[in-house]
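The structure appears below as structure tokens.
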Amino acid sequence: MAMTVKTVSRPSRGLLEQIYIWEVVRGLGITFRHFFVNLTRHILALIGLPGKPGAATIQYPDVPAVLGARARTRHRLLRREDGAPRCTSCLLCETICPARCIRITAEESPDVMVEKRAKTFDIDLGMCVFCGHCVEACPVDAIRMDVDFVELASYSRADMILDMDELLKPS
Amino acid sequence: MILLAWTALKVGFALSFGLGLAGLLGWVERKQSAVLQDRIGANRADIFGFRILGLFHPIADALKLISKEDFAASQVRQPFHALAPMISLGCCMLCLAALPFGANFQAWESPVGLVYVLALLGLGAHGVVMAGYASGSNYGLLGGLRGVAQMVAYEVCLAAILAGPMFLYGTLDLAQAVRAQAGLWGMFSQPLAFLLFLVAGMAASKRIPFDLPEGESEIVGYHVEYSGMKFGMFMMSDFIENIVVAGLGTALFLGGWQVPFVHLSGTMGEAAMVASFCAKTCALLFLLMQVRWTLPRLRFDQLLDLGWKNILPLALINFLATVWGVWLWR
Ligand code: SF4
Ligand code: SF4
């Protein structure tokens with residue numbers, strides 16, 4: 001099979017680009033255009049006239065943040081119909097987690113149909129990279145991640161670790 | 001007594017123009033860059049809930065800088081460490097004295113006003129190199145060395161560029177130079193010199209794209225070991241240097257205090273002259289700031305090449321052409 005070769009010519013600079021002055025003027029033209037267009041929009045908004053906004057800024061705490069429809073954030077553990085956590089403590093999520101931020105200890109389950117259950121289940125959200133692998137790995141659909149929740153912050157690293165009780169509560 | 005008060009008024013005006021505008025420029029720089037980058041910019045500082053477009057931010061900055069600990073690391077060399085910001089700020093503040101705000105409103109009328117300003121701008125380089133040396137830090141030293149190489153190169157260029165227009169006006173007195181532009185502003189009679197002056201002026205005042213001495217992303221710069229108001233003084237002197245360059249450009253190329261097609265006289269005329277001069281200076285400053293947000297930083301060899309190999313020869317050619325033109329015309 002013959003290889004196809006595509007020749008790409010090097011971008012060359014003409015005299016006008018090399019003198020540089022014209023290019024500076026063009027660059028200034030762009031920034032001046034942005035400046036005056038945005039300034040006009042800001043002034044229109046200030047005196048209450050309709051129009052496009054002059055800035056793309058989202059003033060976050062005042063205005064709610066917009067997350068993408070596919071964004072997945074805080075983890076949640078799901079329950080079975082009888083209210084017990086679905087997790088069977090198989091440790092698949094702990095194994096696959098690239099950030100190694102899941103810690104599970106298992107115990108025997110009183111339910112004879114279920115072999116094991118989680119005694120403790122901690123996720124350190126300070127280390128989590130929100131890859132979603134844990135959700136993919138779970139064979140019994142016990143762990144999911146919530147949408148539209150960004151207020152994951154605290155004043156200490158210890159507070160970033162969610163234990164089983166917190167994970168069972170929806171955010 | 002009246003003479004003294006009048007002098008005090010002129011000096012006070014020049015100083016408050018420079019210092020006040022320097023404080024305001026921090027706000028202008030933030031807001032201008034924000035608007036042209038489709039952002040809002042700093043707007044959270046408030047007094048009793050009033051924000052007035054973030055105008056309180058310069059006040060907050062000043063308060064922060066003044067109340068911050070005046071820290072000096074153990075390796076700094078005193079007294080040079082403390083002296084450097086004073087030299088920097090002092091030199092540029094002295095430059096303000098020679099700016100001709102109005103026909104009779106110049107803090108210091110001198111037949112060698114231009115030489116005085118250029119000399120003080122050159123002296124300002126001492127503050128930079130002293131800060132770099134006294135820091136006892138390699139980054140600071142690098143910044144100081146860069147600063148002094150750049151400033152010397154561009155002071156030479158500045159003098160060579162201004163030789164042309166000054167020959168045309170036949171004076172070194174800034175007020176006389178303004179009067180000599182009564183018929184035709186310098187930017188039209190000396191367009192090449194005006195262009196070169198803008199470039200060299202920006203470089204002499206260490207503005208982006210020529211901010212090599214303080215390039216934050218590579219060496220932080222000559223003031224890396226400074227904190228609090230000493231750092232603030234370097235910031236101030238940068239802004240005031242800007243104002244001086246813009247004022248110089250106004251006086252030498254934009255017709256100074258003159259308003260086209262209007263003859264100003266009397267007290268009201270004097271006030272109008274001062275207003276016109278300040279407005280032109282601000283317009284030039286706006287252009288300089290816009291350039292700062294448009295162009296990326298040069299490499300250091302490019303910077304020196306531009307100064308010594310391009311601007312200096314062009315400036316000398318412009319000077320010779322001016323001399324020749326004036327000789328033919330006479
Ligand atoms: S989202 Fe990724 S990093 Fe976070 S807990 Fe699950 S597997 Fe670990
Ligand atoms: S993969 Fe599912 S069932 Fe297994 S330990 Fe994790 S959450 Fe529990």
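Chain labels run A, B, ... following the order of the structure tokens; each chain numbers its residues from 1, and ligands are numbered from 1 in the order shown.
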
Can you list every residue of chain A that has an atom at most 10 Å from chain B, with its nearest atom pair and the distance in Å to one decimal, using only C-alpha atoms, ordered by chain then number, as a tab-separated table?
residue	atom	partner	partner_atom	distance
A:Ile21	CA	B:Leu195	CA	9.6
A:Val24	CA	B:Leu295	CA	7.6
A:Val25	CA	B:Val291	CA	9.5
A:Arg26	CA	B:Thr294	CA	9.8
A:Gly27	CA	B:Thr294	CA	6.2
A:Leu28	CA	B:Thr294	CA	6.2
A:Gly29	CA	B:Thr294	CA	9.4
A:Ile30	CA	B:Thr294	CA	8.5
A:Thr31	CA	B:Leu36	CA	6.0
A:Phe32	CA	B:Leu36	CA	7.3
A:Arg33	CA	B:Leu36	CA	8.1
A:His34	CA	B:Leu36	CA	5.0
A:Phe35	CA	B:Leu36	CA	4.1
A:Phe36	CA	B:Leu36	CA	7.8
A:Val37	CA	B:Leu36	CA	8.6
A:Asn38	CA	B:Val35	CA	6.1
A:Leu39	CA	B:Val35	CA	6.6
A:His42	CA	B:Val35	CA	8.8
A:Pro53	CA	B:Asp38	CA	9.1
A:Gly54	CA	B:Asp38	CA	6.3
A:Ala55	CA	B:Asp38	CA	4.3
A:Ala56	CA	B:Asp38	CA	5.8
A:Thr57	CA	B:Arg39	CA	5.6
A:Ile58	CA	B:Arg39	CA	9.3
A:Gln59	CA	B:Ile40	CA	9.1

Point to revise | For Trp308 (chain B): contacts at 12 Å, only C-alpha atoms, fewer than 2 positions along chain excluded, given as a list in words | key: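 Counting only the stated atoms, we get Ala149, Gln150, Met151, Val152, Ala153, Tyr154, Glu155, Val156, Cys157, Leu158, Ala160, Ala200, Asp301, Gln302, Leu303, Leu304, Asp305, Leu306, Asn310, Ile311, Leu312, Pro313, Leu314, Ala315 and Leu316 of chain B.
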
**Study point:** Contact residues around His133 (chain A) with only C-alpha atoms at 9 Å, ignoring same-chain residues under 6 positions, as a list of chain:residue names
**Key:**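 Final neighbour list, sorted by chain and number: A:Cys93, A:Ile96, A:Cys97, A:Pro98.
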
Review point. Which residues come within 12 Å of Asp141 (chain A), counting only C-alpha atoms, excluding same-chain residues fewer than 4 positions away, as a VMD selection string?
Key: chain A and resid 76 to 80 85 to 90 92 to 93 134 to 137 145

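Reported to one decimal place, the separation of CA of Leu145 (chain B) from CA of Leu21 (chain B) is 29.0 Å.
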
Exercise for review: Write out as a list of chain:residue names all residues of region 14-128 of chain A that DSSP puts in strand (DSSP E) for this structure's backbone.
Suggested key: A:His75, A:Arg76, A:Leu77, A:Ile102, A:Arg103, A:Ile104, A:Thr105, A:Ala106, A:Glu107, A:Glu108, A:Lys116, A:Arg117, A:Ala118, A:Lys119, A:Thr120, A:Phe121, A:Asp122, A:Ile123, A:Asp124

**Study point:** Contacts of ligand 1, 12 Å or closer, only C-alpha atoms and all ligand atoms, given as a PyMOL selection string
**Key:** chain A and resi 71-77+91-104+121-138+143-146+161-162+167

Check your understanding: Which one is closest to Asp165 (chain A): A:Ala106, A:Leu16, A:Ala84, A:Leu152? Count only C-alpha atoms.
Key ->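 Result for the nearest residue to Asp165 (chain A): A:Ala84.
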
**Study point:** Close residues, Ala251 (chain B) itself excluded, 12 Å, only C-alpha atoms, min 4 positions apart in chain, as JSON, numbers by chain
**Key:** {"B": [98, 99, 100, 101, 102, 103, 106, 113, 114, 162, 165, 166, 169, 172, 173, 174, 175, 176, 177, 178, 179, 180, 181, 182, 185, 186, 187, 194, 244, 245, 246, 247, 255, 256, 257, 258, 273, 274, 276, 277, 278, 280, 281, 284]}
